[in-house]
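Just below is one structure, and these are the notes that go with it.
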Amino acid sequence: MAEAAIDLFTPVQLGPYTLKNRMVMAPMTRLRAVDTIPTKLMAEYYAQRASAGLIVTECTMISPLSNGYMNCPGIFSAQQVSSWKSITKAVHSEGGRIFLQIWHCGRVAHPALLGGEMPVGASEIAAAGTLHTPEGKKTLEAPRLLETDEIPVIVNQFRNAALNALEAGFDGIELHGAFGYLIDQFLQDGSNQRTDRYGGSIENRCRFLLEIVEAVCQVCQSDRVGIKLSPSNTFYGMCDSDAIATFSHVIKALIPFNLAYIHLMEPTENDLAKVKVIPSVTTTFRPLYPGTVITNGEYDKTKGNQSLEAGTADLVSFGRPFIANPDLPARYAANAELNPPDFSTFYGLGDQNLDKGYTDYPVLSKNH
């Protein structure tokens with residue numbers, strides 16, 4: 001008898017967990033925290049989306065100086081941990097699984113967001129772009145070089161963030177190694193021009209990431225740890241002279257850790273228009289990695305099922321569809337029309353009407 005085809009609704013084993021489907025709610029910055037503290041509204045938001053096989057939260061600060069955006073949450077204080085507990089409890093009460101994405105922005109920050117402190121980076125090379133700050137929109141400046149003897153401090157902050165995440169009741173953590181933030185800044189030679197043991201060769205540029213993975217896996221079962229990578233994304237001016245070689249090395253080096261997954265980001269149309277990038281990240285790197293792969297990149301139900309059936313990925317993460325459709329799995333199962341996302345409410349930069357475009361999207365009627 002032929003095996004049944006795998007699709008988005010096929011259960012899957014992810015580390016110690018059996019997920020009810022292969023639909024992952026992608027990590028998405030929504031900027032609804034208040035003074036770095038997660039809120040009751042955030043608990044409602046994530047609980048609404050607990051029908052996903054797995055939720056990965058928005059990027060979450062590992063320290064006060066890791067922040068790059070206004071109204072981001074943190075995971076470095078007792079009050080933050082306590083507030084996250086109410087969120088994990090809400091998701092679990094709805095039968096969901098949730099990982100916390102932990103993050104250091106590196107050079108993608110501004111002194112106006114850091115109490116006047118300069119952001120740090122792999123090298124003194126400014127990121128491209130601007131950021132919203134309490135002083136208005138600011139152009140990104142060249143960061144301060146993260147000194148060699150400061151690197152263990154950052155590694156330990158990731159370790160402590162993982163410990164705090166476990167205390168807060170998360171099922172696991174995802175390391176944010178993508179989109180031009182600090183880990184990515186060390187990986188790619190367009191942002192890493194160091195001459196110490198963390199720069200130069202691919203092996204040296206991968207050292208920071210692997211030290212973080214090792215430290216986190218010392219306090220959290222490795223099969224409850226995932227990592228997000230974006231070999232083709234050009235966010236904040238990121239680039240690498242040989243992305244296939246760099247990320248092939250990274251992915252092969254991750255195999256012995258037996259992680260829960262690697263989360264691979266496909267390039268956006270904007271990336272493809274800017275520079276020569278890897279046009280299909282997941283198909284390029286999937287053959288190198290025997291573990292679980294999550295793919296992300298403008299997927300819909302049809303494209304997601306095609307990727308799973310082809311074996312290109314084991315799970316598919318969805319971003320904007322989950323923003324606008326808290327019951328996305330039910331809608332896909334019923335072939336129902338999707339709510340369109342309201343782009344103007346993606347980021348809650350103010351303190352008014354934070355529920356608008358956040359927790360107020362309608363779900364399918366019971367008799368649909």
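Identifiers in this document derive from the order of the structure tokens: chains are assigned A, B, ..., residues are numbered from 1 separately in each chain, and ligands are numbered from 1 in order of occurrence.
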
Which parts of segment 27-220 of chain A does DSSP call strand (DSSP E) when run on the backbone here, written out as a short mmCIF file (atom, residue, chain, number, x, y, z; two decimals) with all heavy atoms, in the first residue's frame?
data_model
loop_
_atom_site.label_atom_id
_atom_site.label_comp_id
_atom_site.auth_asym_id
_atom_site.auth_seq_id
_atom_site.Cartn_x
_atom_site.Cartn_y
_atom_site.Cartn_z
N LEU A 54 2.83 25.00 15.45
CA LEU A 54 3.82 25.65 16.31
C LEU A 54 3.72 27.15 16.09
O LEU A 54 3.61 27.62 14.96
CB LEU A 54 5.24 25.18 15.96
CG LEU A 54 6.40 25.87 16.71
CD1 LEU A 54 6.37 25.51 18.19
CD2 LEU A 54 7.75 25.50 16.09
N ILE A 55 3.78 27.90 17.19
CA ILE A 55 3.92 29.35 17.15
C ILE A 55 5.37 29.69 17.50
O ILE A 55 5.91 29.16 18.46
CB ILE A 55 2.99 30.04 18.16
CG1 ILE A 55 1.52 29.85 17.77
CG2 ILE A 55 3.32 31.53 18.29
CD1 ILE A 55 0.55 30.32 18.83
N VAL A 56 5.98 30.58 16.71
CA VAL A 56 7.27 31.17 17.09
C VAL A 56 7.00 32.65 17.33
O VAL A 56 6.46 33.33 16.46
CB VAL A 56 8.35 30.97 16.02
CG1 VAL A 56 9.68 31.52 16.52
CG2 VAL A 56 8.49 29.50 15.64
N THR A 57 7.36 33.13 18.50
CA THR A 57 7.04 34.52 18.86
C THR A 57 7.86 35.52 18.05
O THR A 57 8.83 35.19 17.39
CB THR A 57 7.33 34.80 20.33
OG1 THR A 57 8.76 34.85 20.54
CG2 THR A 57 6.70 33.77 21.24
N GLU A 58 7.47 36.76 18.22
CA GLU A 58 8.25 37.89 17.71
C GLU A 58 9.65 37.89 18.33
O GLU A 58 9.89 37.27 19.38
CB GLU A 58 7.56 39.19 18.09
CG GLU A 58 7.43 39.39 19.60
CD GLU A 58 6.14 40.08 19.96
OE1 GLU A 58 6.11 41.31 19.90
OE2 GLU A 58 5.16 39.38 20.30
N CYS A 59 10.59 38.57 17.69
CA CYS A 59 11.95 38.65 18.23
C CYS A 59 11.91 39.33 19.59
O CYS A 59 11.22 40.33 19.80
CB CYS A 59 12.89 39.36 17.28
SG CYS A 59 12.42 41.03 16.79
N THR A 60 12.68 38.78 20.54
CA THR A 60 12.62 39.19 21.94
C THR A 60 14.02 39.46 22.46
O THR A 60 14.93 38.64 22.30
CB THR A 60 11.93 38.09 22.77
OG1 THR A 60 10.60 37.88 22.24
CG2 THR A 60 11.82 38.47 24.22
N MET A 61 14.19 40.61 23.09
CA MET A 61 15.51 41.08 23.52
C MET A 61 16.13 40.19 24.60
O MET A 61 15.45 39.79 25.53
CB MET A 61 15.38 42.49 24.09
CG MET A 61 14.97 43.55 23.13
SD MET A 61 14.92 45.17 23.97
CE MET A 61 13.34 45.06 24.81
N ILE A 98 4.45 26.71 21.68
CA ILE A 98 5.03 28.03 21.41
C ILE A 98 6.51 28.07 21.78
O ILE A 98 6.90 27.65 22.86
CB ILE A 98 4.23 29.14 22.15
CG1 ILE A 98 4.75 30.54 21.80
CG2 ILE A 98 4.18 28.89 23.66
CD1 ILE A 98 3.83 31.67 22.25
N PHE A 99 7.32 28.53 20.82
CA PHE A 99 8.75 28.76 21.03
C PHE A 99 8.98 30.28 21.11
O PHE A 99 8.31 31.06 20.42
CB PHE A 99 9.58 28.23 19.85
CG PHE A 99 9.89 26.76 19.91
CD1 PHE A 99 9.03 25.84 20.48
CD2 PHE A 99 11.07 26.28 19.35
CE1 PHE A 99 9.32 24.48 20.51
CE2 PHE A 99 11.38 24.92 19.36
CZ PHE A 99 10.51 24.02 19.94
N LEU A 100 9.95 30.68 21.92
CA LEU A 100 10.33 32.09 22.02
C LEU A 100 11.53 32.35 21.12
O LEU A 100 12.54 31.65 21.21
CB LEU A 100 10.70 32.45 23.46
CG LEU A 100 11.10 33.91 23.69
CD1 LEU A 100 9.90 34.83 23.59
CD2 LEU A 100 11.77 34.09 25.06
N GLN A 101 11.43 33.35 20.26
CA GLN A 101 12.57 33.73 19.44
C GLN A 101 13.40 34.75 20.20
O GLN A 101 12.90 35.82 20.58
CB GLN A 101 12.12 34.34 18.11
CG GLN A 101 13.30 34.57 17.16
CD GLN A 101 12.93 35.35 15.93
OE1 GLN A 101 12.65 36.55 16.01
NE2 GLN A 101 12.94 34.70 14.79
N ILE A 102 14.68 34.42 20.45
CA ILE A 102 15.56 35.32 21.19
C ILE A 102 16.55 35.97 20.24
O ILE A 102 17.01 35.35 19.28
CB ILE A 102 16.25 34.62 22.38
CG1 ILE A 102 17.03 33.39 21.94
CG2 ILE A 102 15.21 34.24 23.43
CD1 ILE A 102 17.80 32.72 23.09
N TRP A 103 16.95 37.22 20.56
CA TRP A 103 17.48 38.10 19.52
C TRP A 103 18.37 39.20 20.09
O TRP A 103 18.11 39.73 21.16
CB TRP A 103 16.25 38.70 18.83
CG TRP A 103 16.35 39.94 18.03
CD1 TRP A 103 16.83 40.07 16.77
CD2 TRP A 103 15.85 41.24 18.38
NE1 TRP A 103 16.66 41.37 16.32
CE2 TRP A 103 16.06 42.09 17.31
CE3 TRP A 103 15.24 41.74 19.54
CZ2 TRP A 103 15.70 43.45 17.32
CZ3 TRP A 103 14.87 43.08 19.57
CH2 TRP A 103 15.11 43.91 18.46
N VAL A 120 26.37 47.90 19.05
CA VAL A 120 27.58 47.15 18.72
C VAL A 120 27.36 46.35 17.45
O VAL A 120 26.23 46.03 17.08
CB VAL A 120 28.00 46.20 19.87
CG1 VAL A 120 28.36 46.99 21.11
CG2 VAL A 120 26.91 45.17 20.16
N GLY A 121 28.46 46.03 16.78
CA GLY A 121 28.38 45.24 15.57
C GLY A 121 29.61 44.37 15.42
O GLY A 121 30.61 44.54 16.14
N THR A 130 16.80 53.14 8.00
CA THR A 130 16.42 54.03 9.10
C THR A 130 15.61 53.25 10.13
O THR A 130 15.12 52.15 9.86
CB THR A 130 15.55 55.19 8.58
OG1 THR A 130 14.38 54.65 7.96
CG2 THR A 130 16.33 56.04 7.56
N LEU A 131 15.49 53.83 11.32
CA LEU A 131 14.68 53.24 12.38
C LEU A 131 13.82 54.32 13.03
O LEU A 131 14.22 55.48 13.11
CB LEU A 131 15.57 52.62 13.47
CG LEU A 131 16.34 51.34 13.15
CD1 LEU A 131 17.19 50.97 14.36
CD2 LEU A 131 15.40 50.21 12.79
N HIS A 132 12.64 53.91 13.51
CA HIS A 132 11.83 54.80 14.35
C HIS A 132 12.42 54.80 15.76
O HIS A 132 12.72 53.74 16.32
CB HIS A 132 10.39 54.30 14.39
CG HIS A 132 9.66 54.46 13.10
ND1 HIS A 132 9.13 55.66 12.68
CD2 HIS A 132 9.37 53.57 12.13
CE1 HIS A 132 8.55 55.50 11.50
NE2 HIS A 132 8.68 54.25 11.15
N THR A 133 12.59 55.98 16.33
CA THR A 133 13.11 56.12 17.68
C THR A 133 12.25 57.11 18.45
O THR A 133 11.43 57.82 17.84
CB THR A 133 14.57 56.63 17.68
OG1 THR A 133 14.57 58.05 17.48
CG2 THR A 133 15.41 55.96 16.60
N GLY A 136 12.25 60.40 16.82
CA GLY A 136 11.86 60.45 15.41
C GLY A 136 12.64 59.44 14.59
O GLY A 136 13.41 58.63 15.11
N LYS A 137 12.46 59.51 13.28
CA LYS A 137 13.12 58.56 12.39
C LYS A 137 14.60 58.92 12.26
O LYS A 137 14.95 60.08 12.02
CB LYS A 137 12.45 58.59 11.02
CG LYS A 137 12.57 57.31 10.23
CD LYS A 137 11.61 57.30 9.05
CE LYS A 137 11.60 55.96 8.37
NZ LYS A 137 10.64 55.90 7.24
N LYS A 138 15.47 57.93 12.41
CA LYS A 138 16.91 58.16 12.40
C LYS A 138 17.60 57.23 11.39
O LYS A 138 17.24 56.05 11.27
CB LYS A 138 17.51 57.88 13.79
CG LYS A 138 16.98 58.79 14.89
CD LYS A 138 17.57 60.18 14.80
CE LYS A 138 17.19 61.01 16.02
NZ LYS A 138 17.77 62.37 15.94
N THR A 139 18.60 57.78 10.69
CA THR A 139 19.43 56.96 9.81
C THR A 139 20.39 56.13 10.66
O THR A 139 20.95 56.62 11.64
CB THR A 139 20.23 57.86 8.85
OG1 THR A 139 19.31 58.61 8.06
CG2 THR A 139 21.12 57.03 7.94
N ARG A 144 29.62 50.57 17.21
CA ARG A 144 30.89 50.34 17.90
C ARG A 144 31.30 48.88 17.69
O ARG A 144 30.46 47.99 17.74
CB ARG A 144 30.72 50.65 19.39
CG ARG A 144 31.96 50.36 20.23
CD ARG A 144 31.75 50.73 21.68
NE ARG A 144 30.82 49.86 22.38
CZ ARG A 144 31.11 48.65 22.85
NH1 ARG A 144 32.32 48.12 22.65
NH2 ARG A 144 30.21 47.94 23.50
N LEU A 145 32.57 48.64 17.43
CA LEU A 145 33.07 47.27 17.28
C LEU A 145 32.85 46.50 18.57
O LEU A 145 33.24 46.96 19.65
CB LEU A 145 34.56 47.29 16.93
CG LEU A 145 35.23 45.91 16.84
CD1 LEU A 145 34.82 45.19 15.56
CD2 LEU A 145 36.76 46.06 16.90
N GLY A 172 10.14 25.78 23.76
CA GLY A 172 11.49 25.79 23.20
C GLY A 172 11.85 27.21 22.81
O GLY A 172 11.12 28.16 23.11
N ILE A 173 12.99 27.34 22.17
CA ILE A 173 13.43 28.67 21.73
C ILE A 173 13.92 28.60 20.28
O ILE A 173 14.35 27.55 19.81
CB ILE A 173 14.55 29.24 22.64
CG1 ILE A 173 15.79 28.37 22.57
CG2 ILE A 173 14.09 29.40 24.06
CD1 ILE A 173 17.03 29.14 22.28
N GLU A 174 13.84 29.73 19.62
CA GLU A 174 14.44 29.89 18.29
C GLU A 174 15.47 31.00 18.37
O GLU A 174 15.17 32.11 18.83
CB GLU A 174 13.39 30.24 17.24
CG GLU A 174 13.99 30.45 15.85
CD GLU A 174 12.96 30.72 14.77
OE1 GLU A 174 12.29 29.76 14.33
OE2 GLU A 174 12.80 31.90 14.36
N LEU A 175 16.68 30.71 17.92
CA LEU A 175 17.73 31.73 17.83
C LEU A 175 17.53 32.52 16.54
O LEU A 175 17.38 31.93 15.47
CB LEU A 175 19.11 31.08 17.81
CG LEU A 175 19.53 30.34 19.08
CD1 LEU A 175 20.79 29.54 18.83
CD2 LEU A 175 19.74 31.32 20.23
N HIS A 176 17.54 33.83 16.65
CA HIS A 176 17.38 34.67 15.46
C HIS A 176 18.76 34.91 14.84
O HIS A 176 19.51 35.78 15.25
CB HIS A 176 16.74 36.00 15.84
CG HIS A 176 16.12 36.72 14.67
ND1 HIS A 176 16.51 36.51 13.37
CD2 HIS A 176 15.13 37.65 14.62
CE1 HIS A 176 15.80 37.29 12.57
NE2 HIS A 176 14.95 37.97 13.30
#

Close residues, Phe235 of chain A itself excluded, 7 Å, only C-alpha atoms, min 2 positions apart in chain, as a list of chain:residue names: A:Phe179, A:Gly180, A:Asn233, A:Gly237, A:Met238

Shell of 12 Å around Ala253 of chain A, only C-alpha atoms, local chain residues under 2 positions omitted, as a ChimeraX atom specification: /A:202-203,206-207,209-211,213-214,246-251,255-259,262,288-289

Counting only C-alpha atoms, the residue of A:Leu163, A:Val219, A:Val275, A:Ala334 that sits nearest Ser232 of chain A: A:Val275

Of the listed residues A:Thr284, A:Ser241, A:Thr234, A:Ser86, that which approaches Leu272 of chain A most closely, counting only C-alpha atoms: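 Among the listed residues, A:Thr234 lies closest to Leu272 of chain A.
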
Could I get the residues of segment 249-338 of chain A with an atom no further than 10 Å from an atom of segment 3-25 of chain A, each paired with its nearest atom pair and that distance in Å to one decimal, using only C-alpha atoms, sorted by chain and residue number, as a tab-separated table?
residue	atom	partner	partner_atom	distance
A:Asn258	CA	A:Gly15	CA	9.0
A:Leu259	CA	A:Gly15	CA	7.8
A:Ala260	CA	A:Gly15	CA	5.2
A:Tyr261	CA	A:Leu14	CA	7.7
A:Gly291	CA	A:Leu14	CA	9.9
A:Thr292	CA	A:Leu14	CA	7.6
A:Ile294	CA	A:Val24	CA	8.2
A:Thr295	CA	A:Val24	CA	9.4
A:Asn296	CA	A:Val24	CA	9.2
A:Lys301	CA	A:Leu8	CA	7.7
A:Thr302	CA	A:Leu8	CA	9.5
A:Gly304	CA	A:Leu8	CA	7.0
A:Asn305	CA	A:Asp7	CA	5.1
A:Gln306	CA	A:Asp7	CA	8.0
A:Ser307	CA	A:Asp7	CA	8.8
A:Leu308	CA	A:Asp7	CA	6.0
A:Glu309	CA	A:Ile6	CA	5.6
A:Ala310	CA	A:Ile6	CA	9.2
A:Gly311	CA	A:Ile6	CA	8.9
A:Ala313	CA	A:Arg22	CA	10.0
A:Asp314	CA	A:Arg22	CA	7.3
A:Leu315	CA	A:Arg22	CA	4.7
A:Val316	CA	A:Met23	CA	5.5
A:Ser317	CA	A:Val24	CA	4.3
A:Phe318	CA	A:Met25	CA	5.4
A:Gly319	CA	A:Met25	CA	6.3
A:Arg320	CA	A:Met25	CA	9.2
A:Pro321	CA	A:Met25	CA	8.9
A:Phe322	CA	A:Met25	CA	6.3
A:Ile323	CA	A:Met25	CA	8.8
A:Pro326	CA	A:Met25	CA	9.6
A:Leu328	CA	A:Met23	CA	8.9
A:Pro329	CA	A:Met23	CA	7.4
A:Tyr332	CA	A:Leu8	CA	9.0
A:Ala333	CA	A:Phe9	CA	8.1

Test item, helix (DSSP H, G or I) assignment across segment 98-188 of chain A, answer as a VMD selection string: chain A and resid 111 to 113 148 to 167 182 to 187

Would you put the residues from that selection into a file with N, CA, C and O atoms, as an mmCIF file, in the first residue's frame?
data_model
loop_
_atom_site.group_PDB
_atom_site.id
_atom_site.type_symbol
_atom_site.label_atom_id
_atom_site.label_comp_id
_atom_site.auth_asym_id
_atom_site.auth_seq_id
_atom_site.Cartn_x
_atom_site.Cartn_y
_atom_site.Cartn_z
ATOM 1 N N PRO A 111 21.473 54.986 19.126
ATOM 2 C CA PRO A 111 21.644 55.424 20.516
ATOM 3 C C PRO A 111 20.344 55.920 21.158
ATOM 4 O O PRO A 111 20.156 55.772 22.375
ATOM 5 N N ALA A 112 19.435 56.471 20.356
ATOM 6 C CA ALA A 112 18.166 56.963 20.904
ATOM 7 C C ALA A 112 17.296 55.831 21.452
ATOM 8 O O ALA A 112 16.384 56.076 22.244
ATOM 9 N N LEU A 113 17.589 54.604 21.043
ATOM 10 C CA LEU A 113 16.855 53.439 21.559
ATOM 11 C C LEU A 113 17.593 52.755 22.698
ATOM 12 O O LEU A 113 17.055 51.844 23.333
ATOM 13 N N THR A 148 36.610 41.594 21.240
ATOM 14 C CA THR A 148 36.719 40.144 21.384
ATOM 15 C C THR A 148 36.350 39.683 22.785
ATOM 16 O O THR A 148 35.638 38.686 22.957
ATOM 17 N N ASP A 149 36.810 40.423 23.810
ATOM 18 C CA ASP A 149 36.533 39.987 25.179
ATOM 19 C C ASP A 149 35.102 40.285 25.625
ATOM 20 O O ASP A 149 34.688 39.875 26.709
ATOM 21 N N GLU A 150 34.338 40.992 24.804
ATOM 22 C CA GLU A 150 32.924 41.231 25.104
ATOM 23 C C GLU A 150 32.018 40.124 24.561
ATOM 24 O O GLU A 150 30.861 39.989 24.985
ATOM 25 N N ILE A 151 32.535 39.350 23.630
ATOM 26 C CA ILE A 151 31.702 38.340 22.968
ATOM 27 C C ILE A 151 31.167 37.295 23.947
ATOM 28 O O ILE A 151 29.977 36.941 23.894
ATOM 29 N N PRO A 152 31.975 36.791 24.894
ATOM 30 C CA PRO A 152 31.417 35.830 25.852
ATOM 31 C C PRO A 152 30.251 36.394 26.667
ATOM 32 O O PRO A 152 29.376 35.626 27.090
ATOM 33 N N VAL A 153 30.235 37.695 26.869
ATOM 34 C CA VAL A 153 29.121 38.325 27.606
ATOM 35 C C VAL A 153 27.829 38.179 26.815
ATOM 36 O O VAL A 153 26.775 37.820 27.366
ATOM 37 N N ILE A 154 27.906 38.435 25.516
ATOM 38 C CA ILE A 154 26.724 38.297 24.655
ATOM 39 C C ILE A 154 26.277 36.837 24.590
ATOM 40 O O ILE A 154 25.083 36.531 24.669
ATOM 41 N N VAL A 155 27.235 35.934 24.452
ATOM 42 C CA VAL A 155 26.905 34.505 24.415
ATOM 43 C C VAL A 155 26.157 34.113 25.689
ATOM 44 O O VAL A 155 25.148 33.396 25.648
ATOM 45 N N ASN A 156 26.637 34.613 26.824
ATOM 46 C CA ASN A 156 25.999 34.280 28.100
ATOM 47 C C ASN A 156 24.602 34.896 28.206
ATOM 48 O O ASN A 156 23.713 34.327 28.853
ATOM 49 N N GLN A 157 24.408 36.057 27.577
ATOM 50 C CA GLN A 157 23.070 36.660 27.573
ATOM 51 C C GLN A 157 22.081 35.800 26.797
ATOM 52 O O GLN A 157 20.918 35.658 27.202
ATOM 53 N N PHE A 158 22.526 35.198 25.698
ATOM 54 C CA PHE A 158 21.669 34.246 24.990
ATOM 55 C C PHE A 158 21.358 33.043 25.878
ATOM 56 O O PHE A 158 20.212 32.559 25.925
ATOM 57 N N ARG A 159 22.370 32.551 26.570
ATOM 58 C CA ARG A 159 22.174 31.407 27.473
ATOM 59 C C ARG A 159 21.142 31.745 28.544
ATOM 60 O O ARG A 159 20.215 30.960 28.800
ATOM 61 N N ASN A 160 21.289 32.909 29.181
ATOM 62 C CA ASN A 160 20.359 33.305 30.236
ATOM 63 C C ASN A 160 18.956 33.530 29.693
ATOM 64 O O ASN A 160 17.961 33.222 30.368
ATOM 65 N N ALA A 161 18.870 34.051 28.464
ATOM 66 C CA ALA A 161 17.560 34.250 27.849
ATOM 67 C C ALA A 161 16.860 32.909 27.643
ATOM 68 O O ALA A 161 15.646 32.783 27.846
ATOM 69 N N ALA A 162 17.628 31.892 27.245
ATOM 70 C CA ALA A 162 17.048 30.557 27.080
ATOM 71 C C ALA A 162 16.555 30.013 28.412
ATOM 72 O O ALA A 162 15.459 29.436 28.496
ATOM 73 N N LEU A 163 17.334 30.200 29.469
ATOM 74 C CA LEU A 163 16.906 29.772 30.802
ATOM 75 C C LEU A 163 15.615 30.476 31.203
ATOM 76 O O LEU A 163 14.681 29.854 31.741
ATOM 77 N N ASN A 164 15.554 31.781 30.969
ATOM 78 C CA ASN A 164 14.362 32.552 31.316
ATOM 79 C C ASN A 164 13.158 32.098 30.501
ATOM 80 O O ASN A 164 12.024 32.066 31.004
ATOM 81 N N ALA A 165 13.400 31.754 29.243
ATOM 82 C CA ALA A 165 12.308 31.279 28.389
ATOM 83 C C ALA A 165 11.723 29.982 28.950
ATOM 84 O O ALA A 165 10.494 29.794 28.968
ATOM 85 N N LEU A 166 12.571 29.090 29.401
ATOM 86 C CA LEU A 166 12.092 27.841 29.992
ATOM 87 C C LEU A 166 11.305 28.121 31.269
ATOM 88 O O LEU A 166 10.249 27.511 31.508
ATOM 89 N N GLU A 167 11.809 29.054 32.077
ATOM 90 C CA GLU A 167 11.095 29.418 33.307
ATOM 91 C C GLU A 167 9.718 30.004 32.987
ATOM 92 O O GLU A 167 8.753 29.809 33.727
ATOM 93 N N LEU A 182 22.576 40.644 14.851
ATOM 94 C CA LEU A 182 23.968 40.459 15.271
ATOM 95 C C LEU A 182 24.573 39.125 14.815
ATOM 96 O O LEU A 182 25.700 39.101 14.311
ATOM 97 N N ILE A 183 23.860 38.024 15.007
ATOM 98 C CA ILE A 183 24.430 36.735 14.585
ATOM 99 C C ILE A 183 24.710 36.739 13.090
ATOM 100 O O ILE A 183 25.779 36.314 12.639
ATOM 101 N N ASP A 184 23.763 37.242 12.318
ATOM 102 C CA ASP A 184 23.930 37.321 10.864
ATOM 103 C C ASP A 184 25.086 38.248 10.495
ATOM 104 O O ASP A 184 25.822 37.997 9.531
ATOM 105 N N GLN A 185 25.262 39.313 11.257
ATOM 106 C CA GLN A 185 26.358 40.265 10.998
ATOM 107 C C GLN A 185 27.719 39.595 11.127
ATOM 108 O O GLN A 185 28.669 39.952 10.421
ATOM 109 N N PHE A 186 27.834 38.635 12.031
ATOM 110 C CA PHE A 186 29.078 37.890 12.160
ATOM 111 C C PHE A 186 29.247 36.898 11.021
ATOM 112 O O PHE A 186 30.359 36.668 10.547
ATOM 113 N N LEU A 187 28.147 36.307 10.549
ATOM 114 C CA LEU A 187 28.241 35.264 9.526
ATOM 115 C C LEU A 187 28.700 35.790 8.175
ATOM 116 O O LEU A 187 29.518 35.157 7.498
#

Residue contacts of segment 188-201 of chain A (6 Å, only C-alpha atoms) excluding same-chain residues fewer than 6 positions away, as a PyMOL selection string: chain A and resi 122-123+239-240

Non-local contacts of Glu141 of chain A (10 Å; only C-alpha atoms; under 6 positions in same chain excluded) as a ChimeraX atom specification: /A:107-111,118-119,124-130
